[in-house]
Amino acid sequence: MQSSWVEIDPTILGANIDALRAAIRPSTEIMFVVKADAYGHGLAPMAVQAAASGVRWLAVAYLDEALTVRARLPDADILVLGVAEPEDVPRLVADRITPIVVSAEHGQALAAAARAMGATVPVHLKVDTGMGRLGAPWQDAHEIFDVLNGEKGLQVTGLCSHFAAVEPNEPERAEEQAQRFLELARALEAKHGRTLFKHLSSSRALLYHPEWDLDAIRPGICLYGYGTEDPRMRFHARPFLQWKARVMQVKAVPAGYPVGYYGTYRTEAPTHIAILSVGYADGYHRALSNRGHVLVRGRRCPVIGRVSMNWVTIDVGPAGDVRRGDEAVLIGEQEGASVWAGELAKICRTIPYEILVGIDPAAERRYINAVSTNPP
Ligand SMILES: Cc1ncc(COP(=O)(O)O)c(C=O)c1O
């Protein structure tokens, strides 16, 4: 007896990486974003597949994720996108992990911790060019770089920023951020007589703006197969995370049969209903009540009634061919039909990211065609 589970084919990630690689200059590195358990796909298997597909850089949010990657990939370059603490410095140094720094004080604290152990930490200065999130405000970034550049124990090797919005219909917003970043980088490189490792673009920016590829791009969602539908984009990817549940009971019901809490749905005609082993406790949003679709026997079956904590009811139609134990596809494809996270996200008025990371991390992840993920 099992609730829902996830099936992932990492070789499709490999194909997505190959397609992206073919679309960019060979001199641009892919820094694959694997935070939040690789957007719900499983950190270690995704990092291992990416490395096998030639990706050198991996970006995570926290040190523990970086350590998970390092345990599998002794040669990867790893960037921590969150704010490392001074007490993290011994592990950062020992495991050759690069943190970002977000302010002069932050950089100085890391430098002091590094000096205390006779080490130097390489860091990338994160510049807030208009996102209004982590990083040194662009107006102060030049000065902050100069302060940090003189700090023993710290070596500022890179410069990065993050876009708030990349919209082809409203290009000024991203262009303004890019110009702030490029001007800063130009001024710093000229003044200090050395090149910095510069990275700016995540998925939407890299899909629309080859001119901002710089030394690295930081794709996340596009390599998981989402957000590449627009024909103007440089490459197109396929999703490869499938989420499945079991049919726990099937019953024939007459017309007018009430379904679920408060009977928000009544069958219009005699049909069969199936109850599935998934609910909002597993990440299947309540917003899908009476709106979502699930695949069973290759058919798109409507979710009827309210999604409850552990169970969902669907209308499998009058044919009577669905059996207890049948596989139900919540995200994925079956016999030519498909339901992907983008469809669920629209109904739930959210983004595919939230649907993917919202799948219960405890749901079993089954890897099909995976390269070995054992630590060396
Ligand atoms: C700093 C940073 N870079 C890159 C990414 C990847 O973004 P995307 O998944 O849209 O490509 C993220 C994702 O949240 C991020 O926070």
# chains A, B, ... in the order shown; residues from 1 in each chain; ligands from 1

$ select_by_dssp --residues "stretch 157-347 of chain A" --states "strand (DSSP E or B)" --output "ChimeraX atom specification"
/A:157-160,197-199,216-217,241-253,258-259,265-266,271-276,293-296,299-303,312-317,327-334,337-339

$ closest_atom_pairs --of "stretch 187-277 of chain A" --to "stretch 15-29 of chain A" --cutoff "6 Å" --atoms "only C-alpha atoms" --output "JSON lines"
{"residue": "A:Asp215", "atom": "CA", "partner": "A:Thr28", "partner_atom": "CA", "distance": 4.9}
{"residue": "A:Ala216", "atom": "CA", "partner": "A:Glu29", "partner_atom": "CA", "distance": 4.4}
{"residue": "A:Leu223", "atom": "CA", "partner": "A:Asn16", "partner_atom": "CA", "distance": 5.7}
{"residue": "A:Ala237", "atom": "CA", "partner": "A:Asn16", "partner_atom": "CA", "distance": 5.3}

$ residues_around --residues "A:Val278" --least-positions-apart "2" --cutoff "12 Å" --atoms "only C-alpha atoms" --output "PyMOL selection string"
chain A and resi 2-6+243-248+274-276+280-286+294+303+307-314+327-330+359-360+363

$ select_by_dssp --residues "stretch 79-274 of chain A" --states "helix (DSSP H, G or I)" --output "JSON, numbers by chain"
{"A": [86, 87, 88, 89, 90, 91, 92, 93, 94, 104, 105, 106, 107, 108, 109, 110, 111, 112, 113, 114, 115, 116, 138, 139, 140, 141, 142, 143, 144, 145, 146, 147, 148, 149, 172, 173, 174, 175, 176, 177, 178, 179, 180, 181, 182, 183, 184, 185, 186, 187, 188, 189, 190, 191, 192, 203, 204, 205, 206, 207, 208, 210, 211, 212, 261, 262, 263]}

$ residues_near_ligand --ligand "ligand 1" --cutoff "7 Å" --atoms "only C-alpha atoms and all ligand atoms" --output "number ranges by chain"
A: 33, 81, 162, 202-204, 218-222

$ closest_residue --among "A:Val83, A:Ala94, A:Leu73, A:Ala52" --to "A:His106" --atoms "only C-alpha atoms"
A:Val83

$ residues_around --residues "A:Thr129" --least-positions-apart "2" --cutoff "8 Å" --atoms "only C-alpha atoms" --output "list of chain:residue names"
A:Val127, A:Met131, A:Gly132, A:Pro137, A:Trp138, A:Ser161, A:His162, A:Phe163, A:Gln177, A:Ala178, A:Arg180, A:Phe181

$ write_last_selection --atoms "all heavy atoms" --output "tab-separated table (two decimals), in the first residue's frame"
chain	number	residue	atom	x	y	z
A	127	VAL	N	25.04	41.30	-6.85
A	127	VAL	CA	24.62	42.69	-6.98
A	127	VAL	C	23.12	42.74	-7.20
A	127	VAL	O	22.58	42.03	-8.05
A	127	VAL	CB	25.35	43.36	-8.17
A	127	VAL	CG1	25.02	44.84	-8.23
A	127	VAL	CG2	26.85	43.15	-8.07
A	131	MET	N	16.25	43.67	-8.58
A	131	MET	CA	15.38	42.59	-8.10
A	131	MET	C	14.83	42.92	-6.71
A	131	MET	O	13.75	42.48	-6.33
A	131	MET	CB	16.18	41.29	-8.09
A	131	MET	CG	15.51	40.11	-7.43
A	131	MET	SD	14.16	39.45	-8.42
A	131	MET	CE	13.68	38.04	-7.43
A	132	GLY	N	15.62	43.69	-5.93
A	132	GLY	CA	15.16	44.03	-4.59
A	132	GLY	C	15.13	42.83	-3.67
A	132	GLY	O	14.25	42.71	-2.83
A	137	PRO	N	23.17	46.69	-3.25
A	137	PRO	CA	22.50	47.59	-4.19
A	137	PRO	C	23.50	48.08	-5.25
A	137	PRO	O	24.66	48.38	-4.93
A	137	PRO	CB	22.05	48.74	-3.30
A	137	PRO	CG	21.98	48.16	-1.92
A	137	PRO	CD	23.04	47.10	-1.86
A	138	TRP	N	23.04	48.13	-6.51
A	138	TRP	CA	23.98	48.43	-7.59
A	138	TRP	C	24.68	49.76	-7.41
A	138	TRP	O	25.83	49.91	-7.79
A	138	TRP	CB	23.26	48.34	-8.94
A	138	TRP	CG	22.42	49.53	-9.30
A	138	TRP	CD1	22.79	50.62	-10.03
A	138	TRP	CD2	21.05	49.76	-8.91
A	138	TRP	NE1	21.74	51.51	-10.14
A	138	TRP	CE2	20.66	51.00	-9.45
A	138	TRP	CE3	20.12	49.04	-8.17
A	138	TRP	CZ2	19.38	51.54	-9.27
A	138	TRP	CZ3	18.85	49.56	-8.00
A	138	TRP	CH2	18.49	50.80	-8.54
A	161	SER	N	24.13	38.73	-10.74
A	161	SER	CA	22.90	39.42	-10.41
A	161	SER	C	21.74	38.56	-10.89
A	161	SER	O	21.96	37.51	-11.50
A	161	SER	CB	22.88	40.81	-11.07
A	161	SER	OG	21.77	41.55	-10.61
A	162	HIS	N	20.52	38.99	-10.61
A	162	HIS	CA	19.34	38.17	-10.94
A	162	HIS	C	18.25	39.11	-11.44
A	162	HIS	O	18.02	40.17	-10.85
A	162	HIS	CB	18.90	37.42	-9.68
A	162	HIS	CG	17.89	36.35	-9.91
A	162	HIS	ND1	18.04	35.35	-10.85
A	162	HIS	CD2	16.69	36.11	-9.31
A	162	HIS	CE1	16.98	34.54	-10.80
A	162	HIS	NE2	16.15	34.99	-9.89
A	163	PHE	N	17.57	38.70	-12.51
A	163	PHE	CA	16.51	39.55	-13.08
A	163	PHE	C	15.20	39.42	-12.30
A	163	PHE	O	14.82	38.32	-11.90
A	163	PHE	CB	16.24	39.15	-14.53
A	163	PHE	CG	17.32	39.56	-15.48
A	163	PHE	CD1	18.11	38.60	-16.09
A	163	PHE	CD2	17.53	40.90	-15.79
A	163	PHE	CE1	19.10	38.97	-16.99
A	163	PHE	CE2	18.51	41.28	-16.68
A	163	PHE	CZ	19.31	40.30	-17.29
A	177	GLN	N	18.34	46.48	-15.84
A	177	GLN	CA	19.15	45.68	-14.91
A	177	GLN	C	20.44	45.23	-15.57
A	177	GLN	O	21.51	45.29	-14.98
A	177	GLN	CB	18.35	44.47	-14.43
A	177	GLN	CG	17.32	44.79	-13.38
A	177	GLN	CD	16.80	43.50	-12.73
A	177	GLN	OE1	15.71	43.05	-13.05
A	177	GLN	NE2	17.56	42.90	-11.84
A	178	ALA	N	20.32	44.75	-16.82
A	178	ALA	CA	21.52	44.25	-17.52
A	178	ALA	C	22.53	45.39	-17.70
A	178	ALA	O	23.74	45.19	-17.49
A	178	ALA	CB	21.13	43.66	-18.86
A	180	ARG	N	22.96	48.06	-15.87
A	180	ARG	CA	23.60	48.36	-14.57
A	180	ARG	C	24.70	47.35	-14.28
A	180	ARG	O	25.79	47.70	-13.83
A	180	ARG	CB	22.55	48.30	-13.45
A	180	ARG	CG	21.62	49.47	-13.46
A	180	ARG	CD	20.47	49.25	-12.46
A	180	ARG	NE	19.56	50.38	-12.51
A	180	ARG	CZ	18.29	50.34	-12.11
A	180	ARG	NH1	17.79	49.21	-11.64
A	180	ARG	NH2	17.55	51.41	-12.19
A	181	PHE	N	24.40	46.09	-14.56
A	181	PHE	CA	25.37	45.02	-14.28
A	181	PHE	C	26.58	45.13	-15.19
A	181	PHE	O	27.73	45.06	-14.74
A	181	PHE	CB	24.69	43.66	-14.45
A	181	PHE	CG	25.56	42.50	-14.09
A	181	PHE	CD1	25.75	42.15	-12.76
A	181	PHE	CD2	26.21	41.76	-15.06
A	181	PHE	CE1	26.56	41.08	-12.40
A	181	PHE	CE2	27.03	40.69	-14.72
A	181	PHE	CZ	27.20	40.35	-13.39

$ atom_distance --atom1 "atom CA of A:Thr267" --atom2 "atom CA of A:Thr350"
28.7 Å

$ closest_residue --among "A:Ala104, A:Ala136, A:Ile78, A:Ile368" --to "A:Ala61" --atoms "only C-alpha atoms"
A:Ile78

$ residues_around --residues "A:Gly150" --least-positions-apart "4" --cutoff "12 Å" --atoms "only C-alpha atoms" --output "list in words"
Ala104, Gly107, Gln108, Ala111, Glu143, Ile144, Phe145, Asp146, Leu154, Gln155, Val156 and His192 of chain A

$ atom_distance --atom1 "atom CA of A:Glu85" --atom2 "atom CA of A:His124"
14.8 Å

$ residues_around --residues "A:Leu79" --least-positions-apart "3" --cutoff "6 Å" --atoms "only C-alpha atoms" --output "PyMOL selection string"
chain A and resi 59+98-99

$ write_last_selection --atoms "C-alpha atoms" --output "PDB file, in the first residue's frame"
ATOM      1  CA  ALA A  59      24.083  26.282  -7.881  1.00  0.00           C
ATOM      2  CA  THR A  98      32.007  29.166  -3.455  1.00  0.00           C
ATOM      3  CA  PRO A  99      29.516  31.365  -1.563  1.00  0.00           C
TER       4      PRO A  99
END

$ residues_around --residues "A:Ala341" --least-positions-apart "5" --cutoff "9 Å" --atoms "only C-alpha atoms" --output "list in words"
Tyr226, Pro239, Leu330, Ile331, Gly332, Lys346, Ile351, Pro352, Tyr353, Ile355 and Leu356 of chain A

$ closest_residue --among "A:Leu125, A:Ala109, A:Ala337, A:Val250" --to "A:Gly317" --atoms "only C-alpha atoms"
A:Val250

$ atom_distance --atom1 "atom CA of A:Lys35" --atom2 "atom CA of A:Glu211"
25.7 Å

$ closest_residue --among "A:Leu206, A:Ala319, A:Ala190, A:Ala36" --to "A:Glu354" --atoms "only C-alpha atoms"
A:Ala36

$ closest_residue --among "A:Pro45, A:Gly158, A:Gly193, A:Gly260" --to "A:Val101" --atoms "only C-alpha atoms"
A:Gly158
